[in-house]
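Visitor: File protein.tsv below, TSV, C-alpha atoms and all ligand atoms:
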chain	number	residue	atom	x	y	z
E	9	MET	CA	132.47	38.25	85.90
E	10	PRO	CA	130.66	41.32	87.02
E	11	VAL	CA	127.96	40.71	89.53
E	12	PRO	CA	124.89	42.59	88.45
E	13	LEU	CA	123.52	44.73	91.17
E	14	ALA	CA	119.97	44.08	92.06
E	15	PRO	CA	117.90	46.46	90.01
E	16	TYR	CA	116.13	48.29	92.73
E	17	PRO	CA	113.16	50.09	91.31
E	18	THR	CA	114.06	53.54	92.42
E	19	PRO	CA	112.04	55.96	90.39
E	20	PRO	CA	113.75	59.30	90.13
E	21	ALA	CA	112.18	61.66	92.61
E	22	PRO	CA	110.42	64.36	90.68
E	23	TYR	CA	112.13	67.64	91.18
E	24	THR	CA	109.89	69.84	93.23
E	25	PRO	CA	111.03	73.40	93.53
E	26	PRO	CA	110.20	74.82	96.94
E	27	THR	CA	107.79	77.31	95.58
E	28	ASN	CA	104.30	75.87	95.95
E	29	GLY	CA	103.45	78.17	93.09
E	30	ALA	CA	103.62	81.03	95.47
E	31	GLN	CA	104.34	84.31	93.88
E	32	SER	CA	105.45	87.63	95.09
E	33	GLN	CA	105.68	91.04	93.59
E	34	LEU	CA	108.20	93.77	93.26
E	35	VAL	CA	108.60	96.92	91.29
E	36	CYS	CA	111.06	96.89	88.41
E	37	SER	CA	114.10	98.99	89.20
E	38	GLY	CA	114.18	100.14	85.62
E	39	CYS	CA	110.70	100.96	84.44
E	40	ARG	CA	108.73	100.69	87.66
E	41	ASN	CA	106.46	98.05	86.29
E	42	LEU	CA	105.05	95.71	88.81
E	43	LEU	CA	106.76	92.36	88.34
E	44	VAL	CA	105.46	89.05	89.57
E	45	TYR	CA	108.04	86.43	90.38
E	46	PRO	CA	108.00	83.01	91.99
E	47	VAL	CA	108.93	82.99	95.62
E	48	GLY	CA	112.49	81.85	95.95
E	49	ALA	CA	113.85	83.72	92.99
E	50	THR	CA	116.76	85.96	93.77
E	51	SER	CA	116.40	88.30	90.87
E	52	VAL	CA	113.80	89.13	88.31
E	53	CYS	CA	114.41	90.17	84.76
E	54	CYS	CA	111.85	92.64	83.58
E	55	ALA	CA	110.12	91.62	80.37
E	56	VAL	CA	109.57	95.22	79.47
E	57	CYS	CA	112.91	96.89	79.92
E	58	ASN	CA	115.14	93.88	80.65
E	59	ALA	CA	116.42	95.44	83.82
E	60	VAL	CA	117.34	92.88	86.43
E	61	THR	CA	115.87	93.69	89.79
E	62	SER	CA	117.25	91.85	92.75
E	63	VAL	CA	114.74	90.35	95.06
E	64	PRO	CA	115.01	91.31	98.70
E	65	PRO	CA	115.88	88.39	100.96
E	66	PRO	CA	112.93	86.41	102.21
E	67	GLY	CA	111.49	87.73	105.36
E	68	THR	CA	112.10	91.26	104.32
E	69	GLU	CA	108.95	93.14	104.86
E	70	MET	CA	108.14	95.41	102.02
E	71	ALA	CA	106.06	98.47	102.30
E	72	GLN	CA	104.71	100.75	99.68
E	73	LEU	CA	104.22	104.41	99.31
E	74	VAL	CA	103.19	106.73	96.56
E	75	CYS	CA	105.85	109.12	95.37
E	76	GLY	CA	104.99	112.64	96.35
E	77	GLY	CA	106.49	113.95	93.13
E	78	CYS	CA	105.14	111.76	90.36
E	79	HIS	CA	102.68	109.54	92.21
E	80	THR	CA	104.45	106.37	91.16
E	81	LEU	CA	103.98	103.47	93.50
E	82	LEU	CA	107.27	102.85	95.23
E	83	MET	CA	108.23	99.80	97.21
E	84	TYR	CA	110.73	99.91	99.98
E	85	ILE	CA	111.97	97.75	102.76
E	86	ARG	CA	109.95	98.38	105.84
E	87	GLY	CA	112.00	100.26	108.32
E	88	ALA	CA	113.68	102.45	105.77
E	89	THR	CA	113.36	106.09	106.57
E	90	SER	CA	113.36	107.48	103.08
E	91	VAL	CA	112.79	106.23	99.59
E	92	GLN	CA	114.13	107.92	96.53
E	93	CYS	CA	111.90	107.69	93.52
E	94	SER	CA	113.76	106.36	90.53
E	95	CYS	CA	111.51	108.29	88.19
E	96	CYS	CA	111.62	111.83	89.47
E	97	HIS	CA	114.28	111.44	92.18
E	98	THR	CA	112.02	112.83	94.81
E	99	VAL	CA	113.06	111.62	98.22
E	100	ASN	CA	109.98	110.51	100.04
E	101	LEU	CA	110.06	110.17	103.76
E	102	ALA	CA	108.94	106.74	104.76
E	103	LEU	CA	108.95	107.26	108.44
E	104	GLU	CA	106.96	104.74	110.27
E	105	ALA	CA	106.71	107.73	111.78
E	106	ASN	CA	104.05	109.53	110.68
E	107	GLN	CA	102.90	107.54	113.59
E	108	VAL	CA	102.16	109.34	116.76
E	109	ALA	CA	102.37	107.98	120.21
E	110	HIS	CA	100.80	109.15	123.41
E	111	VAL	CA	102.15	109.88	126.81
E	112	ASN	CA	100.78	111.55	129.86
E	113	CYS	CA	102.46	114.72	130.96
E	114	GLY	CA	104.63	113.96	133.92
E	115	ASN	CA	103.40	117.08	135.64
E	116	CYS	CA	99.75	117.70	134.88
E	117	ARG	CA	98.84	114.29	133.46
E	118	MET	CA	97.56	115.88	130.31
E	119	LEU	CA	97.54	113.39	127.45
E	120	LEU	CA	100.19	114.46	125.01
E	121	MET	CA	100.80	113.31	121.50
E	122	TYR	CA	104.29	113.13	120.11
E	123	GLN	CA	105.95	111.89	117.01
E	124	TYR	CA	107.15	108.36	117.28
E	125	GLY	CA	110.83	108.32	118.02
E	126	ALA	CA	110.88	111.55	119.94
E	127	ARG	CA	112.78	111.43	123.17
E	128	SER	CA	110.84	114.01	125.05
E	129	VAL	CA	107.61	115.87	124.80
E	130	LYS	CA	106.95	119.34	126.01
E	131	CYS	CA	103.53	119.83	127.48
E	132	ALA	CA	101.61	122.58	125.81
E	133	VAL	CA	99.73	123.28	129.00
E	134	CYS	CA	102.35	123.45	131.71
E	135	ASN	CA	105.51	123.37	129.60
E	136	PHE	CA	106.81	120.47	131.59
E	137	VAL	CA	109.13	118.34	129.52
E	138	THR	CA	108.25	114.69	129.83
E	139	SER	CA	110.94	112.33	128.69
E	140	VAL	CA	109.66	109.48	126.63
E	141	GLY	CA	111.43	106.32	127.61
E	142	THR	CA	110.01	104.35	124.75
E	143	SER	CA	111.50	101.03	125.74
E	144	ALA	CA	114.95	102.45	125.40
E	145	SER	CA	116.45	99.01	125.64
E	146	THR	CA	114.91	97.70	122.48
E	147	THR	CA	114.56	100.74	120.29
E	148	GLU	CA	117.88	102.26	121.17
E	149	GLN	CA	119.19	103.80	118.02
E	150	LYS	CA	122.87	104.10	117.49
E	151	PHE	CA	123.03	107.76	116.82
E	152	SER	CA	126.47	108.85	115.84
E	153	THR	CA	126.43	111.92	117.99
H	201	ZN	ZN	111.29	97.16	83.68
H	202	ZN	ZN	108.59	110.07	91.60
H	203	ZN	ZN	101.57	119.28	131.54
Would you give me this structure, written as structure tokens?
Guide:
Amino acid sequence: MPVPLAPYPTPPAPYTPPTNGAQSQLVCSGCRNLLVYPVGATSVCCAVCNAVTSVPPPGTEMAQLVCGGCHTLLMYIRGATSVQCSCCHTVNLALEANQVAHVNCGNCRMLLMYQYGARSVKCAVCNFVTSVGTSASTTEQKFST
């Protein structure tokens, strides 16, 4: 005869998706509408144009810029150097880069400004070329030269 197992009162754990209701936003790859999606989703289907826009992996820092051609708000992954607008195909430079950094001239100590990423700066006063060793160990780019 089958021995009945003790009926432990184990209520089914309510399924709790790991989203705390948190939401994030992205721009539809089809119609450029701003879409809101729950954090954790991997893709979002646009209600307007039905385009499926894949969600960048968590931790990806998104940045925004306004297209120089059509003034549409574009989103891009921070660190990208250019963003092509899907509306007017204008390639917008997204250089972090419009940043400037400062260095003192190695010769006359004049404070020089240079574009972030530059390797050397020529002093406008004494024409001395100061090399910018911007933490070469960490920001070393693999240039295929
Ligand atoms: Zn859309
Ligand atoms: Zn555009
Ligand atoms: Zn100088």
Visitor: Taking all atoms listed in the file into account, report as a PyMOL selection string which residues have an atom no farther than 12 Å from an atom of ligand ZN 202 (chain H).
Guide: chain E and resi 39-40+73-83+91-100
Visitor: Do you know which residues are within 8 Å of ligand ZN 201 (chain H) using all atoms listed in the file? Can you write them as a PyMOL selection string?
Guide: chain E and resi 36-41+53-60
Visitor: Pick out the residues sitting within 9 Å of region 64-72 of chain E, and hand them over as a VMD selection string; count all atoms listed in the file, and ignore anything fewer than 4 positions along from it in its own chain.
Guide: chain E and resid 34 47 to 48 50 to 51 81 to 87 102
Visitor: Write out, as an mmCIF file, in the coordinates of the input, the residues just selected, with C-alpha atoms.
Guide:
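Here's the written file selection_13.cif:
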data_model
loop_
_atom_site.group_PDB
_atom_site.id
_atom_site.type_symbol
_atom_site.label_atom_id
_atom_site.label_comp_id
_atom_site.auth_asym_id
_atom_site.auth_seq_id
_atom_site.Cartn_x
_atom_site.Cartn_y
_atom_site.Cartn_z
ATOM 1 C CA LEU E 34 108.200 93.770 93.260
ATOM 2 C CA VAL E 47 108.930 82.990 95.620
ATOM 3 C CA GLY E 48 112.490 81.850 95.950
ATOM 4 C CA THR E 50 116.760 85.960 93.770
ATOM 5 C CA SER E 51 116.400 88.300 90.870
ATOM 6 C CA LEU E 81 103.980 103.470 93.500
ATOM 7 C CA LEU E 82 107.270 102.850 95.230
ATOM 8 C CA MET E 83 108.230 99.800 97.210
ATOM 9 C CA TYR E 84 110.730 99.910 99.980
ATOM 10 C CA ILE E 85 111.970 97.750 102.760
ATOM 11 C CA ARG E 86 109.950 98.380 105.840
ATOM 12 C CA GLY E 87 112.000 100.260 108.320
ATOM 13 C CA ALA E 102 108.940 106.740 104.760
#
Visitor: Rounded to one decimal in Å, what is the spacing between CA of Val63 (chain E) and CA of Leu101 (chain E)?
Guide: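 CA of Leu101 (chain E) lies 22.1 Å from CA of Val63 (chain E).
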Visitor: Please, what distance in Å, to one decimal, runs between CA of Met118 (chain E) and atom ZN of ligand ZN 203 (chain H)?
Guide: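 Interatomic distance, CA of Met118 (chain E) to atom ZN of ligand ZN 203 (chain H): 5.4 Å.
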Visitor: Please extract the residues at most 9 Å from ligand ZN 203 (chain H), counting all atoms listed in the file, and provide them as a compact mmCIF listing (two decimals) with C-alpha atoms, in the coordinates of the input, using the chain letters and residue numbers of this document.
Guide:
# COMPACT_ATOMS: atom_id res chain seq x y z
CA ASN E 112 100.78 111.55 129.86
CA CYS E 113 102.46 114.72 130.96
CA GLY E 114 104.63 113.96 133.92
CA ASN E 115 103.40 117.08 135.64
CA CYS E 116 99.75 117.70 134.88
CA ARG E 117 98.84 114.29 133.46
CA MET E 118 97.56 115.88 130.31
CA LEU E 119 97.54 113.39 127.45
CA LEU E 120 100.19 114.46 125.01
CA LYS E 130 106.95 119.34 126.01
CA CYS E 131 103.53 119.83 127.48
CA ALA E 132 101.61 122.58 125.81
CA VAL E 133 99.73 123.28 129.00
CA CYS E 134 102.35 123.45 131.71
CA ASN E 135 105.51 123.37 129.60
CA PHE E 136 106.81 120.47 131.59
CA VAL E 137 109.13 118.34 129.52
CA THR E 138 108.25 114.69 129.83
Visitor: Could you tell me how far CA of Thr89 (chain E) lies from CA of Ser32 (chain E), in Å and to one decimal?
Guide: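 Going from CA of Thr89 (chain E) over to CA of Ser32 (chain E), I get 23.1 Å.
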Visitor: Model the absent atoms of region 70-95 of chain E so that N, CA and C atoms are present, and write the result as a PDB file, in the frame of the given file.
Guide:
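See selection_8.pdb below for the written result:
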ATOM      1  N   MET E  70     108.184  94.284 102.927  1.00  0.00           N
ATOM      2  CA  MET E  70     108.140  95.410 102.020  1.00  0.00           C
ATOM      3  C   MET E  70     106.943  96.284 102.345  1.00  0.00           C
ATOM      4  N   ALA E  71     107.155  97.534 102.131  1.00  0.00           N
ATOM      5  CA  ALA E  71     106.060  98.470 102.300  1.00  0.00           C
ATOM      6  C   ALA E  71     105.964  99.283 101.021  1.00  0.00           C
ATOM      7  N   GLN E  72     104.911  99.982 100.897  1.00  0.00           N
ATOM      8  CA  GLN E  72     104.710 100.750  99.680  1.00  0.00           C
ATOM      9  C   GLN E  72     104.346 102.172 100.043  1.00  0.00           C
ATOM     10  N   LEU E  73     104.710 103.054  99.179  1.00  0.00           N
ATOM     11  CA  LEU E  73     104.220 104.410  99.310  1.00  0.00           C
ATOM     12  C   LEU E  73     104.107 104.999  97.922  1.00  0.00           C
ATOM     13  N   VAL E  74     103.372 106.055  97.837  1.00  0.00           N
ATOM     14  CA  VAL E  74     103.190 106.730  96.560  1.00  0.00           C
ATOM     15  C   VAL E  74     104.106 107.943  96.548  1.00  0.00           C
ATOM     16  N   CYS E  75     104.908 108.014  95.485  1.00  0.00           N
ATOM     17  CA  CYS E  75     105.850 109.120  95.370  1.00  0.00           C
ATOM     18  C   CYS E  75     105.100 110.460  95.433  1.00  0.00           C
ATOM     19  N   GLY E  76     105.633 111.347  96.234  1.00  0.00           N
ATOM     20  CA  GLY E  76     104.990 112.640  96.350  1.00  0.00           C
ATOM     21  C   GLY E  76     105.225 113.514  95.125  1.00  0.00           C
ATOM     22  N   GLY E  77     106.191 113.124  94.294  1.00  0.00           N
ATOM     23  CA  GLY E  77     106.490 113.950  93.130  1.00  0.00           C
ATOM     24  C   GLY E  77     105.717 113.518  91.901  1.00  0.00           C
ATOM     25  N   CYS E  78     105.743 112.217  91.606  1.00  0.00           N
ATOM     26  CA  CYS E  78     105.140 111.760  90.360  1.00  0.00           C
ATOM     27  C   CYS E  78     104.037 110.739  90.598  1.00  0.00           C
ATOM     28  N   HIS E  79     103.776 110.446  91.850  1.00  0.00           N
ATOM     29  CA  HIS E  79     102.680 109.540  92.210  1.00  0.00           C
ATOM     30  C   HIS E  79     102.890 108.123  91.699  1.00  0.00           C
ATOM     31  N   THR E  80     104.152 107.758  91.485  1.00  0.00           N
ATOM     32  CA  THR E  80     104.450 106.370  91.160  1.00  0.00           C
ATOM     33  C   THR E  80     104.434 105.561  92.452  1.00  0.00           C
ATOM     34  N   LEU E  81     103.951 104.341  92.332  1.00  0.00           N
ATOM     35  CA  LEU E  81     103.980 103.470  93.500  1.00  0.00           C
ATOM     36  C   LEU E  81     105.408 103.000  93.735  1.00  0.00           C
ATOM     37  N   LEU E  82     105.916 103.274  94.905  1.00  0.00           N
ATOM     38  CA  LEU E  82     107.270 102.850  95.230  1.00  0.00           C
ATOM     39  C   LEU E  82     107.203 101.757  96.279  1.00  0.00           C
ATOM     40  N   MET E  83     108.130 100.814  96.179  1.00  0.00           N
ATOM     41  CA  MET E  83     108.230  99.800  97.210  1.00  0.00           C
ATOM     42  C   MET E  83     109.541 100.005  97.941  1.00  0.00           C
ATOM     43  N   TYR E  84     109.507  99.770  99.207  1.00  0.00           N
ATOM     44  CA  TYR E  84     110.730  99.910  99.980  1.00  0.00           C
ATOM     45  C   TYR E  84     110.708  98.912 101.111  1.00  0.00           C
ATOM     46  N   ILE E  85     111.875  98.697 101.657  1.00  0.00           N
ATOM     47  CA  ILE E  85     111.970  97.750 102.760  1.00  0.00           C
ATOM     48  C   ILE E  85     111.465  98.435 104.018  1.00  0.00           C
ATOM     49  N   ARG E  86     110.531  97.794 104.650  1.00  0.00           N
ATOM     50  CA  ARG E  86     109.950  98.380 105.840  1.00  0.00           C
ATOM     51  C   ARG E  86     111.032  98.680 106.860  1.00  0.00           C
ATOM     52  N   GLY E  87     110.976  99.853 107.374  1.00  0.00           N
ATOM     53  CA  GLY E  87     112.000 100.260 108.320  1.00  0.00           C
ATOM     54  C   GLY E  87     112.892 101.328 107.726  1.00  0.00           C
ATOM     55  N   ALA E  88     112.913 101.393 106.397  1.00  0.00           N
ATOM     56  CA  ALA E  88     113.680 102.450 105.770  1.00  0.00           C
ATOM     57  C   ALA E  88     113.061 103.793 106.130  1.00  0.00           C
ATOM     58  N   THR E  89     113.884 104.792 106.171  1.00  0.00           N
ATOM     59  CA  THR E  89     113.360 106.090 106.570  1.00  0.00           C
ATOM     60  C   THR E  89     113.062 106.977 105.390  1.00  0.00           C
ATOM     61  N   SER E  90     113.667 106.679 104.263  1.00  0.00           N
ATOM     62  CA  SER E  90     113.360 107.480 103.080  1.00  0.00           C
ATOM     63  C   SER E  90     113.510 106.620 101.844  1.00  0.00           C
ATOM     64  N   VAL E  91     112.782 106.982 100.837  1.00  0.00           N
ATOM     65  CA  VAL E  91     112.790 106.230  99.590  1.00  0.00           C
ATOM     66  C   VAL E  91     112.958 107.233  98.461  1.00  0.00           C
ATOM     67  N   GLN E  92     113.966 107.020  97.657  1.00  0.00           N
ATOM     68  CA  GLN E  92     114.130 107.920  96.530  1.00  0.00           C
ATOM     69  C   GLN E  92     113.438 107.328  95.317  1.00  0.00           C
ATOM     70  N   CYS E  93     112.619 108.132  94.709  1.00  0.00           N
ATOM     71  CA  CYS E  93     111.900 107.690  93.520  1.00  0.00           C
ATOM     72  C   CYS E  93     112.884 107.617  92.364  1.00  0.00           C
ATOM     73  N   SER E  94     112.817 106.502  91.642  1.00  0.00           N
ATOM     74  CA  SER E  94     113.760 106.360  90.530  1.00  0.00           C
ATOM     75  C   SER E  94     113.254 107.092  89.293  1.00  0.00           C
ATOM     76  N   CYS E  95     112.051 107.556  89.348  1.00  0.00           N
ATOM     77  CA  CYS E  95     111.510 108.290  88.190  1.00  0.00           C
ATOM     78  C   CYS E  95     111.852 109.766  88.284  1.00  0.00           C
TER      79      CYS E  95
END
